[in-house]
Every structure is written in C-alpha cells, then in structure tokens.
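Engineer: Encoded as structure tokens, here's the structure I'll be asking about.
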Amino acid sequence: MNVGSLIKESELELNEKFKELDEVAYQNSKRVLEAFQTHHVSQAHFSSTTGYGYDDLGRDTLEKIFADVLGAEDALVRSQFISGSHALTVALFAFLRPNDLMLSISGTPYDTLHEVIGLTPNNSSLMSFGIRYDQIELINDDFDVDKIINYLRNNKVKLIEIQRSKGYSSRKSLTISKVKNIISKIREVDSDVIIMIDNCYCEFVSTVEPTMVGADIIVGSLIKNLGGGIAPNGAYIAGRHDLVELAAERLTLPGEGREVGPSLGINKAIAQGLFWAPSVVASSLKTAILTSKLLEKIGYEVEPKWDEERADIVQNIIFHNPKDLIKYCQGIQMGSPIDAFALPQPWDMPGYGDQVIMAAGTFTQGSSIELSCDGPMREPYIAYQQGGLTYEYGKLGVLKAVQELMKKDN
C-alpha cells in the first residue's frame, strides 16, 4: 500500500473542506488584527518586568486584546498558570465556597480534574472544602436538556461546568451551536448560575467563542490553540469582569490580584502566538481532517468523520487493540522534529488513572497545538491526535505514523 498516493488522493477529495477552513482562519485573523490595532501595540509592550511585576504595560494590554478577541468583558492571561487544568482549578476555587453546588452537564470532566473536584480523594480537593458536586451525562452526544432544567428547578446550583472537548472519552466534542442552545435553556430557569466553559482545544475552530453566546467564563491553555505554538506556557481565564477579578485574587493573593505577576519577557511570545493562532489552528484542523480521511480509507474507525462539523482540533482513531495504538503513537513520534529517535511507551503519568502513551516531539513540553498523539491504555484503545503547526509538517507526521502502523510485524 502506497501511503503517499493515498494522501494525494485524499487531499483532492478534501479541497473544498480546506477552503472552508481557510475562510474561518481569515475571519479570526481579522478579529485578532483589529484587536492589536485597537490597543496600539508597539515595541514598548514587549518589555519585561521582574519581581512583583507592577505596572506591566505589555501584560495588561495583552489581557485587553484577549478579551476583545474572545468577546469577553475581561481576561486574565498569565504565564503563572502552569496549564489549562491549573487555570480551571484556580477558577473553581475562586468562584465556589463551602456548601456551594457545582454541576457538570457534560459528564465526567477530564482526568486531571478528578482530584481537583474530589472524584478521586485528595485532601486539597473542592470536596474536602465542603463544596458539593454532581453531574449529568450527555445523551446522544448532546446535553440532556430536560434533566438539566429539572435539576436546576429543584437545586440551587452555584456553577455549571461544561467541557467542550471530549477529553479521554469516546463522545463527540460539543459544538458552539449546542453550547449556545443549552445556555439559552439554562437562562430561562436560572439567571444567576455561573456558566463556565472548559474551552481547551476549541478556540478559533469556528468564528464564535462561548463568551459570545452567553457563557460567563471560559478557560483555556496557551500551549494549545491560542498560543499558536509560540507561547512557551501559560493559560487564560476570560469572561465577566467580576469573575475574572475573583480568579486573579485566587491566582495571586487577595488585595493584589492582577496587579502582580511579572511577565519575565514572555509578552512578545504570547502576543506573537495569538497573532499566528488562527492560521495554526487551521493547519491543525487540516491535519486532523486528512488523518480522518486517510485512516478511514485503510479500514480504521475514526471520530469525527472527515466531513463532520468540528468543535476542537482533536481527532480520534479507535484501534480496539493496544498494539496498534502504541505503533501509531510511536510513528507520530518518529515524524516529529524533537526526539524523533525516542520510542514512547505507556507509563504511569501523574494525574491519570490508567497508563498513558504519549507521542509529543514538540518544541514546548506538552504543547498539543504541535502535532502530538496520546491515549490511555484502556478499552477501546483510542488515539487522541491533535495539532500541527503547519499542514505540511502535520501531513509528514501522519504519513510516518501510517507507514509505521502498516508495517508487518517482525
């Protein structure tokens, strides 16, 4: 089987789909450019602060830009956030108080939040502070509207959490239209509940973000979509001004909040990453769609299909056996620019209940806007592929992975 020929054949069939992605990237680029121009960005904004980080002009201006781009009142964009999961944790501890009730309406959150919430016991969890938790499962990959509305009528919920991306599950990721619909339904019965969206992997996939359709707060990582592969770390919390202020005081300390936090020379990287992000996200989506088309052609089960509406940059390949999952991830590693010589193996990764295999030959550790692929070693053995800084590099990585997958066993 000539994988190169199959890729060329697939690309011809994907031409119109790729044009649609280019238009989305154009519209998002326009929004980013206008935000930079509105806030008069200059070389002065790339200066660095140290120590306490008082009066960091670049940091403060970047947060205004992010707010504009995301359609939010305010934004907190900091390198002091270690990850998207850390930003989610800061937000949850900022908004919730003892005896408050948190409700997830997209099922069980991502693995790294299990100890944060207390689903896996931890003495520092939300539950250990007396915060209550409940969840409602999705039905047919959409919100269970009747059950959610009934629950809200019978319980005083402080915060509703929605995870748009699928995480390590087999469900579909949640499109902006589904999010918009459930927010409108929720507001019919509760105008006060905080609606918080885990927006990781989803930014710039469409031209609309959850804060534009009624979400109170959204959270994401800068080593995913909005960092454009250039931001070396960090995350954001964006939305209502009062909630962003609460998050800032939980990230640093009450009374100082967002006034402290040195940029340490990172402003330019964050700004440039955001500037590149619409194009990089489009490249990641093209890589994902090619993967879906190609792997389906050679007989594997994929989700989403190449022609389905996408909510994030993640592509599932369902192998139904551990051997193929390992081989595919190893092939992605071989097609990477960094540590291509390494051979990833399943391991006990912190924060996860199962062993995980992770291929990430990335310039920034853990950066999943760069081509990467991982999956837990459990049924049905799904590879979760994401990223691709350019479509060309993404295609080369997938080519190598499929070639490795198709090799005969020695």
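Each chain in the structure tokens gets a letter, A, B, ..., in the order shown, and its residues are numbered from 1; ligands are numbered from 1 in order too.
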Would you list the contacts of Lys185 in chain A as a list in words, taking every protein, DNA or RNA residue within 10 Å and counting only C-alpha atoms, but skipping same-chain residues closer than 6 positions in sequence?
Structural biologist: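 With the cut-off at 10 Å, the set is Val145, Asp146, Ile148 and Ile149 of chain A.
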Engineer: Pull N, CA and C atoms from the residues just selected and write them as a compact mmCIF listing (two decimals), in the first residue's frame.
Structural biologist:
# COMPACT_ATOMS: atom_id res chain seq x y z
N VAL A 145 -31.29 18.13 28.02
CA VAL A 145 -31.95 19.39 28.37
C VAL A 145 -33.00 19.20 29.46
N ASP A 146 -33.87 18.23 29.31
CA ASP A 146 -34.95 18.03 30.28
C ASP A 146 -34.39 17.75 31.67
N ILE A 148 -31.41 18.53 32.85
CA ILE A 148 -30.71 19.72 33.35
C ILE A 148 -31.70 20.74 33.90
N ILE A 149 -32.75 21.02 33.14
CA ILE A 149 -33.74 22.01 33.56
C ILE A 149 -34.45 21.55 34.84
Engineer: Any idea what's packed within 8 Å of Glu63 in chain A, counting only C-alpha atoms, ignoring anything in its chain fewer than 4 positions away? Could you give it as a list in words?
Structural biologist: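 Near neighbours after the sequence-gap exclusion: Arg59, Ala67, Asp74, Ala75, Leu76 and Val77 of chain A.
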Engineer: In range 16-175 of chain A, what's alpha helix (DSSP H) per DSSP? Answer as an NGL selection string?
Structural biologist: :A and (16-38 or 57-70 or 84-95 or 114-117 or 145-154)
Engineer: List the spatial neighbours of range 371-374 of chain A as a count of residues only - criterion: any atom at most 10 Å away, only C-alpha atoms, same-chain residues fewer than 4 positions off excluded.
Structural biologist: 44
Engineer: Can you check which residues of range 260-324 of chain A DSSP gives as strand (DSSP E or B) on the backbone and send them as an NGL selection string?
Structural biologist: :A and (301-303 or 315-318)
Engineer: Could you save the residues just selected, with N, CA and C atoms, as a PDB file, in the first residue's frame?
Structural biologist:
ATOM      1  N   GLU A 301     -11.631   2.835  12.378  1.00  0.00           N
ATOM      2  CA  GLU A 301     -12.758   3.626  12.859  1.00  0.00           C
ATOM      3  C   GLU A 301     -12.244   4.978  13.353  1.00  0.00           C
ATOM      4  N   VAL A 302     -12.885   6.063  12.918  1.00  0.00           N
ATOM      5  CA  VAL A 302     -12.432   7.406  13.287  1.00  0.00           C
ATOM      6  C   VAL A 302     -13.609   8.234  13.789  1.00  0.00           C
ATOM      7  N   GLU A 303     -13.271   9.242  14.617  1.00  0.00           N
ATOM      8  CA  GLU A 303     -14.279  10.192  15.108  1.00  0.00           C
ATOM      9  C   GLU A 303     -13.569  11.497  15.426  1.00  0.00           C
ATOM     10  N   GLN A 315      -8.536  14.601  16.917  1.00  0.00           N
ATOM     11  CA  GLN A 315      -9.000  13.528  16.047  1.00  0.00           C
ATOM     12  C   GLN A 315      -8.837  12.199  16.761  1.00  0.00           C
ATOM     13  N   ASN A 316      -9.922  11.451  16.889  1.00  0.00           N
ATOM     14  CA  ASN A 316      -9.884  10.121  17.500  1.00  0.00           C
ATOM     15  C   ASN A 316      -9.659   9.056  16.426  1.00  0.00           C
ATOM     16  N   ILE A 317      -8.804   8.105  16.747  1.00  0.00           N
ATOM     17  CA  ILE A 317      -8.669   6.884  15.945  1.00  0.00           C
ATOM     18  C   ILE A 317      -8.900   5.729  16.911  1.00  0.00           C
ATOM     19  N   ILE A 318      -9.921   4.940  16.662  1.00  0.00           N
ATOM     20  CA  ILE A 318     -10.292   3.867  17.582  1.00  0.00           C
ATOM     21  C   ILE A 318      -9.694   2.566  17.064  1.00  0.00           C
TER      22      ILE A 318
END
Engineer: Using only C-alpha atoms, which of the listed residues (A:Ile369, A:Gly299, A:Gly351, A:Lys407) sits closest to Glu115 in chain A?
Structural biologist: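 The shortest atom-to-atom distance to Glu115 in chain A comes from A:Gly351.
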Engineer: Near Val24 in chain A, within 8 Å and counting only C-alpha atoms, which residues show up once chain neighbours fewer than 4 positions away are dropped, as number ranges by chain?
Structural biologist: A: 20, 28, 204-207, 282
